[in-house]
Amino acid sequence: MAIQRVAVIGAGTMGHALALVHALGGCSVKLYDSNPEVLMGASGMIEAACATLREAGTITAPQEQAALEQVALAGSLAEAVEAVDLVVEAVVEKADIKQIVFAEIDAHAPADAILASNTSYLDVFPLIPEARQSRAAIAHWYTPPYIVDLVDLAPGPRTAPQIIPALKALYEGFGKAPLVFKKLVPGYIANRLQAALNLECLRMIEEFGVTAEDIDFSIRHGLVERLAVLGHMRKMDYTGLEMVRNGIAGGTYQSPVNTGKARVLDRLIEDGRSGVRSGAGFFDYGGASAEELFQSRDLQLLKLKTQLQNLMGEEQ
Ligand SMILES: NC(=O)c1ccc[n+]([C@@H]2O[C@H](COP(=O)([O-])OP(=O)(O)OC[C@H]3O[C@@H](n4cnc5c(N)ncnc54)[C@H](O)[C@@H]3O)[C@@H](O)[C@H]2O)c1
């Protein structure tokens, strides 16, 4: 399924950046926003983002030029979605407005166009007209999407089986990192983790009087490198799952795990998969010894630490 002609509806924080993502990927893009000021401003935003990518060496000057030439502003939604293969919906996160926009897209887009919504947390599928259900999906990006690679792809209840693979292939072709959800997880994974972090940060401020500076200091000096190198689940394996379980049982937090509703740690530990030192945990380590794994992790951590220090300065 060739996807080459794209409409992006909504040209705000996400829309202008998604127009750029698709243009950098080689698609022709028509961008529309119901607010003419936002639409006119989008060109400057796209140019600025493109210039940053070029200055950082991520794209070349000819690539920048080509991407800018791919984006055209449309005077109406009907004009934007005419003869496109894909419509990217990035209007405000309000169900009533999205419903109106989906109806307009339905009225004017080709029957076989794919409709991809960038919704953050709405269940958009009940808002989409019947005729579009089989070609509608969620493609949820993170800002700024021309730098952050993750894109959550989720089908609706009646999305045809070829739609998610087509979007996945398109975005992999852009060099992005699509994550396919078999079933919609409200808020997706990264946003849910951020939401959990938000709650815990606010709770620590309220209950223990820690400062925002304390929290960011702890993140910057305690979490960043390890999360970047290992992810979180792998980091648990390196900690050792019994230690993780003990920390939870210690009562620091209430969660489904220590209220007895989630047994994933118990099951892994019972199966002898208690982390890197036992050769497996959430992941298998292919027979590598704990020493080898720790050494390789440490090397990556040190490289990243040096890079971060260079980037942010010693005082950070
Ligand atoms: N901002 C983020 O970090 C982020 C990240 C991921 C997903 N999202 C999602 O992306 C979508 C857009 O968010 P945003 O942050 O870009 O919002 P935004 O407010 O910056 O932009 C939304 C744009 O939609 C336009 N709009 C409103 N009604 C319209 C209509 N009928 N037709 C055309 N355009 C219309 C507005 O004029 C506005 O410019 C939302 O669904 C949001 O949840 C946002």
# chains A, B, ... in the order shown; residues from 1 in each chain; ligands from 1
$ closest_atom_pairs --of "chain A" --to "ligand 1" --cutoff "8 Å" --atoms "only C-alpha atoms and all ligand atoms" --output "Markdown table"
| residue | atom | partner | partner_atom_place_in_ligand_line | distance |
| --- | --- | --- | --- | --- |
| A:Ile9 | CA | ligand 1 | 33 (C) | 5.5 |
| A:Gly10 | CA | ligand 1 | 34 (N) | 4.0 |
| A:Ala11 | CA | ligand 1 | 39 (O) | 5.1 |
| A:Gly12 | CA | ligand 1 | 21 (O) | 3.4 |
| A:Thr13 | CA | ligand 1 | 16 (O) | 3.7 |
| A:Met14 | CA | ligand 1 | 16 (O) | 3.6 |
| A:Gly15 | CA | ligand 1 | 16 (O) | 5.4 |
| A:His16 | CA | ligand 1 | 16 (O) | 7.9 |
| A:Tyr32 | CA | ligand 1 | 33 (C) | 6.2 |
| A:Asp33 | CA | ligand 1 | 34 (N) | 3.9 |
| A:Ser34 | CA | ligand 1 | 33 (C) | 4.2 |
| A:Asn35 | CA | ligand 1 | 37 (O) | 4.5 |
| A:Pro36 | CA | ligand 1 | 37 (O) | 8.0 |
| A:Val38 | CA | ligand 1 | 39 (O) | 5.4 |
| A:Leu39 | CA | ligand 1 | 39 (O) | 7.3 |
| A:Leu77 | CA | ligand 1 | 32 (N) | 7.0 |
| A:Glu89 | CA | ligand 1 | 11 (C) | 7.4 |
| A:Ala90 | CA | ligand 1 | 11 (C) | 4.1 |
| A:Val91 | CA | ligand 1 | 24 (O) | 3.4 |
| A:Val92 | CA | ligand 1 | 22 (C) | 4.1 |
| A:Glu93 | CA | ligand 1 | 41 (O) | 4.0 |
| A:Lys94 | CA | ligand 1 | 41 (O) | 7.4 |
| A:Ile97 | CA | ligand 1 | 31 (N) | 5.9 |
| A:Lys98 | CA | ligand 1 | 31 (N) | 7.2 |
| A:Ile100 | CA | ligand 1 | 31 (N) | 6.6 |
| A:Val101 | CA | ligand 1 | 31 (N) | 5.3 |
| A:Ser117 | CA | ligand 1 | 41 (O) | 7.4 |
| A:Asn118 | CA | ligand 1 | 10 (O) | 5.0 |
| A:Thr119 | CA | ligand 1 | 41 (O) | 3.7 |
| A:Ser120 | CA | ligand 1 | 43 (O) | 4.0 |
| A:Tyr121 | CA | ligand 1 | 43 (O) | 6.7 |
| A:Leu122 | CA | ligand 1 | 41 (O) | 7.9 |
| A:His140 | CA | ligand 1 | 7 (C) | 5.9 |
| A:Trp141 | CA | ligand 1 | 6 (C) | 5.0 |
| A:Tyr142 | CA | ligand 1 | 5 (C) | 4.9 |
| A:Thr143 | CA | ligand 1 | 3 (O) | 4.9 |
| A:Pro144 | CA | ligand 1 | 3 (O) | 7.5 |
$ residues_around --residues "Gly175 in chain A" --least-positions-apart "6" --cutoff "10 Å" --atoms "only C-alpha atoms" --output "PyMOL selection string"
chain A and resi 25+149+169
$ write_last_selection --atoms "N, CA and C atoms" --output "mmCIF file, in the first residue's frame"
data_model
loop_
_atom_site.group_PDB
_atom_site.id
_atom_site.type_symbol
_atom_site.label_atom_id
_atom_site.label_comp_id
_atom_site.auth_asym_id
_atom_site.auth_seq_id
_atom_site.Cartn_x
_atom_site.Cartn_y
_atom_site.Cartn_z
ATOM 1 N N GLY A 25 10.249 12.413 5.336
ATOM 2 C CA GLY A 25 10.139 11.022 4.891
ATOM 3 C C GLY A 25 9.885 10.906 3.397
ATOM 4 N N ASP A 149 11.610 9.430 18.245
ATOM 5 C CA ASP A 149 11.253 8.449 17.211
ATOM 6 C C ASP A 149 10.010 7.610 17.502
ATOM 7 N N ALA A 169 5.210 0.181 8.220
ATOM 8 C CA ALA A 169 6.224 0.188 7.151
ATOM 9 C C ALA A 169 6.583 1.624 6.767
#
$ residues_around --residues "range 106-115 of chain A" --least-positions-apart "4" --cutoff "7 Å" --atoms "only C-alpha atoms" --output "VMD selection string"
chain A and resid 78 81 to 88 102 129 132 135 to 137
$ closest_residue --among "A:Asp216, A:Asp123, A:Glu79, A:Glu207" --to "Val6 in chain A" --atoms "only C-alpha atoms"
A:Glu79
$ closest_residue --among "A:Val8, A:Ala42, A:Pro155, A:Lys30" --to "Leu184 in chain A" --atoms "only C-alpha atoms"
A:Pro155
$ select_by_dssp --residues "range 145-310 of chain A" --states "strand (DSSP E)" --output "number ranges by chain"
A: 150-155, 177-180
$ residues_around --residues "range 290-304 of chain A" --least-positions-apart "4" --cutoff "10 Å" --atoms "only C-alpha atoms" --output "PyMOL selection string"
chain A and resi 224-230+238+275-279+285+308-310
$ write_last_selection --atoms "N, CA, C and O atoms" --output "PDB file, in the first residue's frame"
ATOM      1  N   VAL A 224      18.814   9.029  34.652  1.00  0.00           N
ATOM      2  CA  VAL A 224      18.877   9.274  33.207  1.00  0.00           C
ATOM      3  C   VAL A 224      19.755   8.268  32.463  1.00  0.00           C
ATOM      4  O   VAL A 224      19.306   7.630  31.504  1.00  0.00           O
ATOM      5  N   GLU A 225      20.999   8.110  32.906  1.00  0.00           N
ATOM      6  CA  GLU A 225      21.907   7.249  32.139  1.00  0.00           C
ATOM      7  C   GLU A 225      21.409   5.809  32.143  1.00  0.00           C
ATOM      8  O   GLU A 225      21.426   5.130  31.122  1.00  0.00           O
ATOM      9  N   ARG A 226      20.966   5.350  33.335  1.00  0.00           N
ATOM     10  CA  ARG A 226      20.562   3.939  33.412  1.00  0.00           C
ATOM     11  C   ARG A 226      19.315   3.674  32.575  1.00  0.00           C
ATOM     12  O   ARG A 226      19.226   2.662  31.886  1.00  0.00           O
ATOM     13  N   LEU A 227      18.370   4.593  32.614  1.00  0.00           N
ATOM     14  CA  LEU A 227      17.171   4.407  31.790  1.00  0.00           C
ATOM     15  C   LEU A 227      17.532   4.437  30.309  1.00  0.00           C
ATOM     16  O   LEU A 227      17.010   3.656  29.517  1.00  0.00           O
ATOM     17  N   ALA A 228      18.423   5.344  29.942  1.00  0.00           N
ATOM     18  CA  ALA A 228      18.767   5.477  28.519  1.00  0.00           C
ATOM     19  C   ALA A 228      19.474   4.227  28.020  1.00  0.00           C
ATOM     20  O   ALA A 228      19.222   3.760  26.908  1.00  0.00           O
ATOM     21  N   VAL A 229      20.349   3.676  28.847  1.00  0.00           N
ATOM     22  CA  VAL A 229      21.143   2.531  28.389  1.00  0.00           C
ATOM     23  C   VAL A 229      20.344   1.234  28.486  1.00  0.00           C
ATOM     24  O   VAL A 229      20.386   0.397  27.583  1.00  0.00           O
ATOM     25  N   LEU A 230      19.601   1.072  29.570  1.00  0.00           N
ATOM     26  CA  LEU A 230      18.972  -0.226  29.826  1.00  0.00           C
ATOM     27  C   LEU A 230      17.468  -0.264  29.555  1.00  0.00           C
ATOM     28  O   LEU A 230      16.902  -1.344  29.408  1.00  0.00           O
ATOM     29  N   TYR A 238      18.770  -6.119  36.073  1.00  0.00           N
ATOM     30  CA  TYR A 238      20.117  -5.849  36.588  1.00  0.00           C
ATOM     31  C   TYR A 238      20.087  -5.630  38.106  1.00  0.00           C
ATOM     32  O   TYR A 238      21.015  -6.009  38.813  1.00  0.00           O
ATOM     33  N   GLY A 275      16.661 -12.265  37.458  1.00  0.00           N
ATOM     34  CA  GLY A 275      17.447 -11.132  36.972  1.00  0.00           C
ATOM     35  C   GLY A 275      18.753 -11.576  36.347  1.00  0.00           C
ATOM     36  O   GLY A 275      19.013 -12.771  36.148  1.00  0.00           O
ATOM     37  N   VAL A 276      19.578 -10.594  36.030  1.00  0.00           N
ATOM     38  CA  VAL A 276      20.826 -10.830  35.295  1.00  0.00           C
ATOM     39  C   VAL A 276      21.702 -11.891  35.982  1.00  0.00           C
ATOM     40  O   VAL A 276      22.296 -12.747  35.328  1.00  0.00           O
ATOM     41  N   ARG A 277      21.769 -11.854  37.292  1.00  0.00           N
ATOM     42  CA  ARG A 277      22.645 -12.800  38.004  1.00  0.00           C
ATOM     43  C   ARG A 277      22.187 -14.243  37.849  1.00  0.00           C
ATOM     44  O   ARG A 277      22.981 -15.177  37.996  1.00  0.00           O
ATOM     45  N   SER A 278      20.913 -14.455  37.549  1.00  0.00           N
ATOM     46  CA  SER A 278      20.441 -15.830  37.333  1.00  0.00           C
ATOM     47  C   SER A 278      20.400 -16.160  35.834  1.00  0.00           C
ATOM     48  O   SER A 278      19.923 -17.222  35.444  1.00  0.00           O
ATOM     49  N   GLY A 279      20.833 -15.238  34.999  1.00  0.00           N
ATOM     50  CA  GLY A 279      20.876 -15.479  33.555  1.00  0.00           C
ATOM     51  C   GLY A 279      19.627 -15.043  32.820  1.00  0.00           C
ATOM     52  O   GLY A 279      19.596 -15.014  31.592  1.00  0.00           O
ATOM     53  N   TYR A 285      19.428 -13.526  28.585  1.00  0.00           N
ATOM     54  CA  TYR A 285      20.722 -12.885  28.327  1.00  0.00           C
ATOM     55  C   TYR A 285      21.687 -13.789  27.569  1.00  0.00           C
ATOM     56  O   TYR A 285      22.907 -13.583  27.601  1.00  0.00           O
ATOM     57  N   LEU A 308      26.744  13.342  28.245  1.00  0.00           N
ATOM     58  CA  LEU A 308      25.796  14.221  28.933  1.00  0.00           C
ATOM     59  C   LEU A 308      26.532  15.361  29.635  1.00  0.00           C
ATOM     60  O   LEU A 308      26.066  16.501  29.623  1.00  0.00           O
ATOM     61  N   GLN A 309      27.675  15.033  30.230  1.00  0.00           N
ATOM     62  CA  GLN A 309      28.448  16.080  30.896  1.00  0.00           C
ATOM     63  C   GLN A 309      28.902  17.119  29.882  1.00  0.00           C
ATOM     64  O   GLN A 309      28.837  18.321  30.125  1.00  0.00           O
ATOM     65  N   ASN A 310      29.332  16.657  28.725  1.00  0.00           N
ATOM     66  CA  ASN A 310      29.746  17.584  27.675  1.00  0.00           C
ATOM     67  C   ASN A 310      28.590  18.459  27.235  1.00  0.00           C
ATOM     68  O   ASN A 310      28.728  19.654  27.000  1.00  0.00           O
TER      69      ASN A 310
END
$ closest_residue --among "A:Leu20, A:Leu241, A:Met45, A:Ala280" --to "Asp266 in chain A" --atoms "only C-alpha atoms"
A:Leu241
$ residues_around --residues "Lys183 in chain A" --least-positions-apart "3" --cutoff "9 Å" --atoms "only C-alpha atoms" --output "ChimeraX atom specification"
/A:154-157,180
$ write_last_selection --atoms "all heavy atoms" --output "CSV table (one decimal), in the first residue's frame"
chain,number,residue,atom,x,y,z
A,154,ALA,N,-2.1,2.0,17.0
A,154,ALA,CA,-3.1,1.2,17.6
A,154,ALA,C,-4.3,1.1,16.7
A,154,ALA,O,-4.8,2.1,16.2
A,154,ALA,CB,-3.5,1.7,19.0
A,155,PRO,N,-4.8,-0.1,16.5
A,155,PRO,CA,-6.0,-0.3,15.7
A,155,PRO,C,-7.3,0.0,16.5
A,155,PRO,O,-7.3,-0.1,17.7
A,155,PRO,CB,-6.0,-1.7,15.3
A,155,PRO,CG,-5.3,-2.4,16.4
A,155,PRO,CD,-4.4,-1.4,17.0
A,156,GLY,N,-8.4,0.4,15.8
A,156,GLY,CA,-9.7,0.4,16.4
A,156,GLY,C,-10.3,-0.9,16.3
A,156,GLY,O,-9.7,-1.9,15.8
A,157,PRO,N,-11.5,-1.0,16.8
A,157,PRO,CA,-12.2,-2.3,16.8
A,157,PRO,C,-12.5,-2.9,15.5
A,157,PRO,O,-12.6,-4.1,15.3
A,157,PRO,CB,-13.5,-2.1,17.6
A,157,PRO,CG,-13.6,-0.6,17.7
A,157,PRO,CD,-12.3,0.0,17.5
A,180,VAL,N,3.6,-1.3,17.9
A,180,VAL,CA,2.3,-1.7,17.5
A,180,VAL,C,1.6,-2.3,18.7
A,180,VAL,O,2.1,-3.2,19.4
A,180,VAL,CB,2.3,-2.7,16.4
A,180,VAL,CG1,0.9,-3.3,16.1
A,180,VAL,CG2,2.9,-2.1,15.1
$ select_by_dssp --residues "range 120-201 of chain A" --states "helix (DSSP H, G or I)" --output "ChimeraX atom specification"
/A:125-127,130-135,163-173,188-201
$ write_last_selection --atoms "C-alpha atoms" --output "compact mmCIF listing (two decimals), in the first residue's frame"
# COMPACT_ATOMS: atom_id res chain seq x y z
CA PHE A 125 -13.10 5.37 17.17
CA PRO A 126 -16.72 6.06 18.21
CA LEU A 127 -16.21 9.57 16.78
CA GLU A 130 -18.91 4.25 9.87
CA ALA A 131 -17.50 4.28 6.34
CA ARG A 132 -14.01 5.14 7.64
CA GLN A 133 -13.79 2.61 10.46
CA SER A 134 -11.93 -0.01 8.46
CA ARG A 135 -9.18 2.43 7.43
CA ILE A 163 -3.70 -0.71 7.95
CA ILE A 164 -1.35 -0.98 10.93
CA PRO A 165 1.33 -2.85 8.91
CA ALA A 166 1.11 -0.14 6.22
CA LEU A 167 1.65 2.63 8.78
CA LYS A 168 4.41 0.64 10.46
CA ALA A 169 6.22 0.19 7.15
CA LEU A 170 5.82 3.88 6.32
CA TYR A 171 7.25 5.07 9.63
CA GLU A 172 10.03 2.50 9.73
CA GLY A 173 10.92 3.80 6.28
CA TYR A 188 -0.10 4.17 25.55
CA ILE A 189 3.03 3.05 27.41
CA ALA A 190 5.34 6.07 27.48
CA ASN A 191 2.57 8.50 28.40
CA ARG A 192 1.28 6.22 31.16
CA LEU A 193 4.78 5.97 32.60
CA GLN A 194 5.09 9.73 32.49
CA ALA A 195 1.71 10.05 34.19
CA ALA A 196 2.80 7.66 36.96
CA LEU A 197 6.00 9.66 37.38
CA ASN A 198 3.99 12.88 37.53
CA LEU A 199 1.82 11.48 40.32
CA GLU A 200 4.75 10.25 42.36
CA CYS A 201 6.62 13.57 41.97
$ closest_residue --among "A:Val29, A:Met233, A:Glu37, A:Ile105" --to "Leu68 in chain A" --atoms "only C-alpha atoms"
A:Val29
$ decode --residues "range 63-77 of chain A" --atoms "all heavy atoms" --output "PDB file, in the first residue's frame"
ATOM      1  N   GLN A  63      18.507  18.110   1.703  1.00  0.00           N
ATOM      2  CA  GLN A  63      17.354  17.425   2.325  1.00  0.00           C
ATOM      3  C   GLN A  63      16.401  18.442   2.946  1.00  0.00           C
ATOM      4  O   GLN A  63      15.182  18.297   2.864  1.00  0.00           O
ATOM      5  CB  GLN A  63      17.834  16.443   3.410  1.00  0.00           C
ATOM      6  CG  GLN A  63      18.398  15.153   2.848  1.00  0.00           C
ATOM      7  CD  GLN A  63      19.068  14.307   3.926  1.00  0.00           C
ATOM      8  OE1 GLN A  63      19.714  14.805   4.843  1.00  0.00           O
ATOM      9  NE2 GLN A  63      18.902  13.008   3.811  1.00  0.00           N
ATOM     10  N   GLU A  64      16.981  19.472   3.552  1.00  0.00           N
ATOM     11  CA  GLU A  64      16.159  20.530   4.149  1.00  0.00           C
ATOM     12  C   GLU A  64      15.317  21.193   3.059  1.00  0.00           C
ATOM     13  O   GLU A  64      14.108  21.354   3.197  1.00  0.00           O
ATOM     14  CB  GLU A  64      17.075  21.560   4.827  1.00  0.00           C
ATOM     15  CG  GLU A  64      16.323  22.729   5.409  1.00  0.00           C
ATOM     16  CD  GLU A  64      17.260  23.829   5.908  1.00  0.00           C
ATOM     17  OE1 GLU A  64      18.435  23.862   5.496  1.00  0.00           O
ATOM     18  OE2 GLU A  64      16.805  24.654   6.714  1.00  0.00           O
ATOM     19  N   GLN A  65      15.994  21.535   1.970  1.00  0.00           N
ATOM     20  CA  GLN A  65      15.316  22.202   0.864  1.00  0.00           C
ATOM     21  C   GLN A  65      14.185  21.324   0.315  1.00  0.00           C
ATOM     22  O   GLN A  65      13.061  21.780   0.100  1.00  0.00           O
ATOM     23  CB  GLN A  65      16.347  22.507  -0.239  1.00  0.00           C
ATOM     24  CG  GLN A  65      15.864  23.445  -1.302  1.00  0.00           C
ATOM     25  CD  GLN A  65      15.377  24.783  -0.722  1.00  0.00           C
ATOM     26  OE1 GLN A  65      15.918  25.275   0.262  1.00  0.00           O
ATOM     27  NE2 GLN A  65      14.327  25.329  -1.309  1.00  0.00           N
ATOM     28  N   ALA A  66      14.509  20.045   0.116  1.00  0.00           N
ATOM     29  CA  ALA A  66      13.508  19.114  -0.434  1.00  0.00           C
ATOM     30  C   ALA A  66      12.317  18.997   0.496  1.00  0.00           C
ATOM     31  O   ALA A  66      11.156  19.008   0.047  1.00  0.00           O
ATOM     32  CB  ALA A  66      14.147  17.741  -0.657  1.00  0.00           C
ATOM     33  N   ALA A  67      12.575  18.916   1.811  1.00  0.00           N
ATOM     34  CA  ALA A  67      11.469  18.767   2.770  1.00  0.00           C
ATOM     35  C   ALA A  67      10.576  20.007   2.740  1.00  0.00           C
ATOM     36  O   ALA A  67       9.340  19.902   2.708  1.00  0.00           O
ATOM     37  CB  ALA A  67      12.020  18.535   4.182  1.00  0.00           C
ATOM     38  N   LEU A  68      11.212  21.178   2.728  1.00  0.00           N
ATOM     39  CA  LEU A  68      10.409  22.413   2.734  1.00  0.00           C
ATOM     40  C   LEU A  68       9.545  22.505   1.480  1.00  0.00           C
ATOM     41  O   LEU A  68       8.406  22.971   1.530  1.00  0.00           O
ATOM     42  CB  LEU A  68      11.328  23.639   2.856  1.00  0.00           C
ATOM     43  CG  LEU A  68      12.066  23.761   4.205  1.00  0.00           C
ATOM     44  CD1 LEU A  68      13.030  24.943   4.186  1.00  0.00           C
ATOM     45  CD2 LEU A  68      11.075  23.889   5.360  1.00  0.00           C
ATOM     46  N   GLU A  69      10.093  22.025   0.368  1.00  0.00           N
ATOM     47  CA  GLU A  69       9.321  22.080  -0.889  1.00  0.00           C
ATOM     48  C   GLU A  69       8.140  21.118  -0.883  1.00  0.00           C
ATOM     49  O   GLU A  69       7.207  21.256  -1.665  1.00  0.00           O
ATOM     50  CB  GLU A  69      10.244  21.782  -2.079  1.00  0.00           C
ATOM     51  CG  GLU A  69      11.087  22.985  -2.440  1.00  0.00           C
ATOM     52  CD  GLU A  69      12.206  22.664  -3.416  1.00  0.00           C
ATOM     53  OE1 GLU A  69      12.188  21.559  -4.003  1.00  0.00           O
ATOM     54  OE2 GLU A  69      13.102  23.518  -3.574  1.00  0.00           O
ATOM     55  N   GLN A  70       8.206  20.112  -0.021  1.00  0.00           N
ATOM     56  CA  GLN A  70       7.125  19.104   0.011  1.00  0.00           C
ATOM     57  C   GLN A  70       5.877  19.594   0.740  1.00  0.00           C
ATOM     58  O   GLN A  70       4.820  19.007   0.627  1.00  0.00           O
ATOM     59  CB  GLN A  70       7.607  17.826   0.739  1.00  0.00           C
ATOM     60  CG  GLN A  70       8.675  17.046   0.018  1.00  0.00           C
ATOM     61  CD  GLN A  70       8.105  16.213  -1.115  1.00  0.00           C
ATOM     62  OE1 GLN A  70       7.099  16.579  -1.727  1.00  0.00           O
ATOM     63  NE2 GLN A  70       8.737  15.099  -1.402  1.00  0.00           N
ATOM     64  N   VAL A  71       6.022  20.638   1.555  1.00  0.00           N
ATOM     65  CA  VAL A  71       4.880  21.066   2.381  1.00  0.00           C
ATOM     66  C   VAL A  71       4.145  22.235   1.738  1.00  0.00           C
ATOM     67  O   VAL A  71       4.754  23.261   1.428  1.00  0.00           O
ATOM     68  CB  VAL A  71       5.342  21.485   3.801  1.00  0.00           C
ATOM     69  CG1 VAL A  71       4.124  21.863   4.662  1.00  0.00           C
ATOM     70  CG2 VAL A  71       6.140  20.373   4.461  1.00  0.00           C
ATOM     71  N   ALA A  72       2.830  22.064   1.542  1.00  0.00           N
ATOM     72  CA  ALA A  72       2.006  23.160   1.032  1.00  0.00           C
ATOM     73  C   ALA A  72       0.896  23.448   2.039  1.00  0.00           C
ATOM     74  O   ALA A  72       0.381  22.521   2.680  1.00  0.00           O
ATOM     75  CB  ALA A  72       1.400  22.755  -0.313  1.00  0.00           C
ATOM     76  N   LEU A  73       0.562  24.713   2.200  1.00  0.00           N
ATOM     77  CA  LEU A  73      -0.542  25.075   3.081  1.00  0.00           C
ATOM     78  C   LEU A  73      -1.843  25.004   2.284  1.00  0.00           C
ATOM     79  O   LEU A  73      -1.894  25.442   1.134  1.00  0.00           O
ATOM     80  CB  LEU A  73      -0.352  26.483   3.643  1.00  0.00           C
ATOM     81  CG  LEU A  73       0.966  26.749   4.379  1.00  0.00           C
ATOM     82  CD1 LEU A  73       0.965  28.175   4.961  1.00  0.00           C
ATOM     83  CD2 LEU A  73       1.205  25.729   5.494  1.00  0.00           C
ATOM     84  N   ALA A  74      -2.883  24.435   2.901  1.00  0.00           N
ATOM     85  CA  ALA A  74      -4.169  24.310   2.207  1.00  0.00           C
ATOM     86  C   ALA A  74      -5.148  25.337   2.763  1.00  0.00           C
ATOM     87  O   ALA A  74      -5.155  25.610   3.962  1.00  0.00           O
ATOM     88  CB  ALA A  74      -4.718  22.896   2.383  1.00  0.00           C
ATOM     89  N   GLY A  75      -5.982  25.870   1.875  1.00  0.00           N
ATOM     90  CA  GLY A  75      -6.937  26.908   2.279  1.00  0.00           C
ATOM     91  C   GLY A  75      -8.187  26.360   2.931  1.00  0.00           C
ATOM     92  O   GLY A  75      -8.962  27.100   3.533  1.00  0.00           O
ATOM     93  N   SER A  76      -8.415  25.046   2.807  1.00  0.00           N
ATOM     94  CA  SER A  76      -9.596  24.438   3.429  1.00  0.00           C
ATOM     95  C   SER A  76      -9.279  22.971   3.708  1.00  0.00           C
ATOM     96  O   SER A  76      -8.334  22.410   3.130  1.00  0.00           O
ATOM     97  CB  SER A  76     -10.804  24.510   2.491  1.00  0.00           C
ATOM     98  OG  SER A  76     -10.567  23.679   1.362  1.00  0.00           O
ATOM     99  N   LEU A  77     -10.089  22.387   4.578  1.00  0.00           N
ATOM    100  CA  LEU A  77      -9.881  20.966   4.862  1.00  0.00           C
ATOM    101  C   LEU A  77     -10.126  20.143   3.594  1.00  0.00           C
ATOM    102  O   LEU A  77      -9.373  19.205   3.287  1.00  0.00           O
ATOM    103  CB  LEU A  77     -10.798  20.517   6.010  1.00  0.00           C
ATOM    104  CG  LEU A  77     -10.569  19.097   6.498  1.00  0.00           C
ATOM    105  CD1 LEU A  77     -10.786  19.000   8.007  1.00  0.00           C
ATOM    106  CD2 LEU A  77     -11.439  18.080   5.774  1.00  0.00           C
TER     107      LEU A  77
END
